Amino acid sequence: MRSGRMVDIPERSPGSAAAGACGKVLVVDDQKNMRATTAILLRQAGYRVEEAEDGASAIQRLQQDAFDVVLTDLRMPSTDGMELLRAVQRASPETQVIVMTAYGTIESAVEAIRLGAHDFLEKPFKEDEVLVRVAKALEKRRLLCEVNLFADEFRKRYGLEHIVGRSPAMRDVLDRVLRVAPTDATVLISGESGTGKELVARALHVTSRRADRPFVPVNCAAITETLLESELFGHARGAFTGATRARRGLFEEADGGTLFIDEIGETSPGFQARLLRALQEGEIRRVGESSPVQVNVRVIAATNQELRRAVAEKRFREDLFYRLAVVPLRIPPLRERLDDVPLLAAHFLQRFNRRTGGDKVLTAEAAARLMQHDWPGNVRELENALEQAAALCPAREIRADDVQIDVFRLGRPAAEPCVTLAEAVEEAERRAIQAALTRCAQDLGRISRELGISSTTLWRKMKRLGIEVGVHPGPGDAS
Ligand SMILES: Nc1ncnc2c1ncn2[C@@H]1O[C@H](COP(=O)(O)OP(=O)(O)OP(=O)(O)O)[C@@H](O)[C@H]1O
Ligand SMILES: [Mg+2]
């Protein structure tokens, strides 16, 4: 992952080309007509415009002058748009680059966005489309120069005000969010439980061009597989017992918007094959129906598993993995960004105060103590700890001892080596299932009812944990 380009931008950049009323734009294209028409259009809109016929002469122009926006073709002889993009980032990181691509070469545009381009335009484009995109790029350029990226105004504008964090790790995440949001690229968000995956998925949506269309979340671990299929793809009337009416699935609900598929690692190979087909073909089939329905949906998936390992262990389809992880986004665990802890704590406390009309504050030593914890439950654990402390502490000041952070460690003595939360959860699940197997005489139906999960989920979990029916330790061994 590149260290975030926006991170090092000074609060006020002297000599900014954006200081004037209208911005300065460099139009780069080897096709003379295209270049000239675009330049005229922008001049008429009041921009100061210069032209360059290829990447090399554009780089020369950039060394002589400051530009707010560079509008460049991607495919050009010798120095192409990608090389120019890299050169702009080195020479003038706050200059916004918009790449123009020919119809059908969208992959290269996505690649450019991954490298840090602000936006892309697909040729042929309409006049007002260019104007809108350039104006947006210019606005971002201005905000970058005038305010810190993490100032409130900027965050609000880009729908990021709910995401608290200034650590380099979080800035990197936000930087990537801003860069991939305008593309339709599929994003795979990974991170431990409670790190903020859903929050980031929502930010991707509100920052994207689909913001005024629905954001539809679905949690694959929460429902049985059959139900999940009909939830996502919909079903025909009479497709199964109880299907008295035809129903649209969430894919159709999300049309034009974003479908957030959470806990994707929990799905079965059969379901994965079906999802892959839907993504590849851009169309779905309702359960029990043969004619396809076209859908235009951006998919964001999330997982708290190491999906690469699941692929290696053949629990997850490799082709689907690559289809989903066009842009991988890893949310670091809270222990890797402890400098965000006091900010987050203050944020949760503020929210508590707003809700209850209170004025609780956290003492400095309490904040310091919070930074010594390793937060296996991540931001959610911190959120709960703060809420609890605020609710229970009778005084206005919340001291270190008021915050309960000795999370339950599954009965392990504190001196034992640390396990990850995922390992701890697996261990707890294994014990619960093994105990239930003994208690319920291996009756899987009874066990799933007792454990409050579907039999499919039980079966999937047992497979993952390597528990076989009939081969399991007795209660004495399990503990
Ligand atoms: N950077 C952050 N700023 C503010 N709140 C946050 C941040 N990260 C997480 N939270 C809060 O922590 C809680 C957990 O976040 P979220 O549900 O997005 O995590 P998750 O990674 O999807 O977790 P899980 O894997 O358990 O589903 C939410 O209440 C969310 O609002
Ligand atoms: Mg979640």
# chains A, B, ... in the order shown; residues from 1 in each chain; ligands from 1

$ closest_atom_pairs --of "chain A" --to "ligand 1" --cutoff "10 Å" --atoms "only C-alpha atoms and all ligand atoms" --output "CSV"
residue,atom,partner,partner_atom_place_in_ligand_line,distance
A:Leu160,CA,ligand 1,3 (N),9.3
A:Glu161,CA,ligand 1,3 (N),8.6
A:His162,CA,ligand 1,4 (C),5.6
A:Ile163,CA,ligand 1,3 (N),3.8
A:Val164,CA,ligand 1,3 (N),3.7
A:Gly165,CA,ligand 1,1 (N),5.5
A:Arg166,CA,ligand 1,1 (N),9.1
A:Met170,CA,ligand 1,1 (N),7.7
A:Leu174,CA,ligand 1,1 (N),9.9
A:Ile189,CA,ligand 1,21 (O),8.8
A:Ser190,CA,ligand 1,21 (O),8.0
A:Gly191,CA,ligand 1,21 (O),6.2
A:Glu192,CA,ligand 1,25 (O),6.0
A:Ser193,CA,ligand 1,25 (O),3.3
A:Gly194,CA,ligand 1,23 (O),3.4
A:Thr195,CA,ligand 1,21 (O),4.1
A:Gly196,CA,ligand 1,18 (O),3.2
A:Lys197,CA,ligand 1,21 (O),3.7
A:Glu198,CA,ligand 1,18 (O),3.6
A:Leu199,CA,ligand 1,18 (O),4.0
A:Val200,CA,ligand 1,18 (O),6.7
A:Ala201,CA,ligand 1,18 (O),8.0
A:Arg202,CA,ligand 1,18 (O),8.7
A:Asn219,CA,ligand 1,27 (O),8.7
A:Asp262,CA,ligand 1,27 (O),7.4
A:Glu263,CA,ligand 1,25 (O),7.5
A:Ala302,CA,ligand 1,22 (O),7.7
A:Thr303,CA,ligand 1,25 (O),7.0
A:Asn304,CA,ligand 1,25 (O),5.7
A:Gln305,CA,ligand 1,25 (O),9.4
A:Ile331,CA,ligand 1,21 (O),7.9
A:Pro332,CA,ligand 1,21 (O),9.9
A:Pro333,CA,ligand 1,21 (O),9.3
A:Leu334,CA,ligand 1,8 (N),8.8
A:Asp340,CA,ligand 1,1 (N),8.2
A:Val341,CA,ligand 1,1 (N),9.6
A:Leu343,CA,ligand 1,3 (N),8.8
A:Leu344,CA,ligand 1,3 (N),6.2
A:Ala345,CA,ligand 1,4 (C),9.2
A:His347,CA,ligand 1,4 (C),7.2
A:Phe348,CA,ligand 1,5 (N),7.7
A:Gly377,CA,ligand 1,26 (O),8.3
A:Asn378,CA,ligand 1,12 (O),7.8
A:Val379,CA,ligand 1,12 (O),4.7
A:Arg380,CA,ligand 1,12 (O),4.1
A:Glu381,CA,ligand 1,12 (O),7.8
A:Leu382,CA,ligand 1,12 (O),8.0
A:Glu383,CA,ligand 1,12 (O),6.3
A:Asn384,CA,ligand 1,29 (O),8.8

$ select_by_dssp --residues "segment 60-206 of chain A" --states "helix (DSSP H, G or I)" --output "ChimeraX atom specification"
/A:60-64,81-91,106-115,127-146,152-157,168-180,197-206

$ residues_around --residues "segment 354-369 of chain A" --least-positions-apart "4" --cutoff "7 Å" --atoms "only C-alpha atoms" --output "PDB file with C-alpha atoms, in the first residue's frame"
ATOM      1  CA  PRO A 342      -8.130   8.926  22.823  1.00  0.00           C
ATOM      2  CA  GLN A 350     -19.427  13.168  23.086  1.00  0.00           C
ATOM      3  CA  ALA A 390     -20.225   6.835  31.117  1.00  0.00           C
ATOM      4  CA  ARG A 396     -18.639  13.972  35.880  1.00  0.00           C
ATOM      5  CA  GLU A 397     -15.019  12.921  35.510  1.00  0.00           C
ATOM      6  CA  ILE A 398     -14.381   9.414  34.281  1.00  0.00           C
ATOM      7  CA  ARG A 399     -11.175   8.113  35.839  1.00  0.00           C
ATOM      8  CA  ALA A 400      -8.972   5.216  34.794  1.00  0.00           C
TER       9      ALA A 400
END

$ closest_residue --among "A:Glu50, A:Phe321, A:Ile405, A:Thr267" --to "Leu279 of chain A" --atoms "only C-alpha atoms"
A:Phe321

$ select_by_dssp --residues "segment 169-239 of chain A" --states "strand (DSSP E)" --output "PyMOL selection string"
chain A and resi 187-190+215-219+234-235

$ write_last_selection --atoms "all heavy atoms" --output "tab-separated table (two decimals), in the first residue's frame"
chain	number	residue	atom	x	y	z
A	187	VAL	N	-14.78	-3.88	-4.11
A	187	VAL	CA	-13.83	-3.68	-3.02
A	187	VAL	C	-14.01	-4.81	-2.01
A	187	VAL	O	-15.13	-5.18	-1.68
A	187	VAL	CB	-14.07	-2.33	-2.32
A	187	VAL	CG1	-13.07	-2.12	-1.19
A	187	VAL	CG2	-13.98	-1.18	-3.32
A	188	LEU	N	-12.90	-5.36	-1.57
A	188	LEU	CA	-12.96	-6.36	-0.51
A	188	LEU	C	-12.35	-5.76	0.75
A	188	LEU	O	-11.16	-5.48	0.80
A	188	LEU	CB	-12.20	-7.62	-0.92
A	188	LEU	CG	-12.16	-8.71	0.17
A	188	LEU	CD1	-13.56	-9.27	0.45
A	188	LEU	CD2	-11.23	-9.85	-0.23
A	189	ILE	N	-13.19	-5.55	1.76
A	189	ILE	CA	-12.72	-4.98	3.00
A	189	ILE	C	-12.42	-6.10	3.98
A	189	ILE	O	-13.28	-6.94	4.24
A	189	ILE	CB	-13.79	-4.05	3.62
A	189	ILE	CG1	-14.22	-2.99	2.59
A	189	ILE	CG2	-13.28	-3.39	4.88
A	189	ILE	CD1	-15.33	-2.08	3.09
A	190	SER	N	-11.20	-6.14	4.49
A	190	SER	CA	-10.91	-7.17	5.47
A	190	SER	C	-10.45	-6.51	6.77
A	190	SER	O	-9.94	-5.39	6.76
A	190	SER	CB	-9.83	-8.11	4.95
A	190	SER	OG	-8.65	-7.39	4.70
A	215	PHE	N	-27.97	1.88	-0.51
A	215	PHE	CA	-26.88	1.07	0.04
A	215	PHE	C	-27.57	-0.08	0.74
A	215	PHE	O	-28.34	0.11	1.68
A	215	PHE	CB	-26.07	1.89	1.06
A	215	PHE	CG	-25.00	1.10	1.78
A	215	PHE	CD1	-23.74	0.97	1.25
A	215	PHE	CD2	-25.28	0.50	3.02
A	215	PHE	CE1	-22.75	0.25	1.91
A	215	PHE	CE2	-24.29	-0.23	3.68
A	215	PHE	CZ	-23.03	-0.35	3.13
A	216	VAL	N	-27.33	-1.29	0.27
A	216	VAL	CA	-28.07	-2.45	0.81
A	216	VAL	C	-27.11	-3.44	1.45
A	216	VAL	O	-26.32	-4.06	0.76
A	216	VAL	CB	-28.88	-3.14	-0.32
A	216	VAL	CG1	-29.61	-4.35	0.23
A	216	VAL	CG2	-29.86	-2.17	-0.95
A	217	PRO	N	-27.15	-3.57	2.77
A	217	PRO	CA	-26.25	-4.54	3.43
A	217	PRO	C	-26.91	-5.90	3.58
A	217	PRO	O	-28.11	-6.00	3.78
A	217	PRO	CB	-26.02	-3.91	4.80
A	217	PRO	CG	-27.20	-3.02	5.04
A	217	PRO	CD	-27.90	-2.76	3.74
A	218	VAL	N	-26.10	-6.95	3.48
A	218	VAL	CA	-26.60	-8.29	3.77
A	218	VAL	C	-25.50	-9.05	4.50
A	218	VAL	O	-24.34	-8.98	4.13
A	218	VAL	CB	-27.06	-9.04	2.50
A	218	VAL	CG1	-25.96	-9.10	1.45
A	218	VAL	CG2	-27.52	-10.45	2.83
A	219	ASN	N	-25.89	-9.71	5.59
A	219	ASN	CA	-24.91	-10.44	6.38
A	219	ASN	C	-25.04	-11.94	6.12
A	219	ASN	O	-26.03	-12.56	6.47
A	219	ASN	CB	-25.15	-10.14	7.87
A	219	ASN	CG	-24.08	-10.76	8.73
A	219	ASN	OD1	-23.41	-11.73	8.34
A	219	ASN	ND2	-23.90	-10.20	9.92
A	234	GLY	N	-33.72	-13.18	-4.92
A	234	GLY	CA	-35.17	-13.15	-5.05
A	234	GLY	C	-35.69	-14.52	-5.44
A	234	GLY	O	-34.91	-15.45	-5.63
A	235	HIS	N	-36.99	-14.67	-5.51
A	235	HIS	CA	-37.52	-15.97	-5.90
A	235	HIS	C	-38.83	-15.82	-6.67
A	235	HIS	O	-39.51	-14.80	-6.57
A	235	HIS	CB	-37.71	-16.88	-4.69
A	235	HIS	CG	-38.65	-16.33	-3.66
A	235	HIS	ND1	-40.01	-16.34	-3.82
A	235	HIS	CD2	-38.41	-15.75	-2.46
A	235	HIS	CE1	-40.56	-15.79	-2.76
A	235	HIS	NE2	-39.63	-15.41	-1.92

$ atom_distance --atom1 "atom CA of Leu458 of chain A" --atom2 "atom CA of Glu427 of chain A"
14.8 Å

$ closest_residue --among "A:Pro292, A:Gly265, A:Gly55, A:Gly249" --to "Leu26 of chain A" --atoms "only C-alpha atoms"
A:Gly55

$ closest_residue --among "A:Ala436, A:Leu320, A:Phe260, A:Trp375" --to "ligand 2" --atoms "only C-alpha atoms and all ligand atoms"
A:Phe260
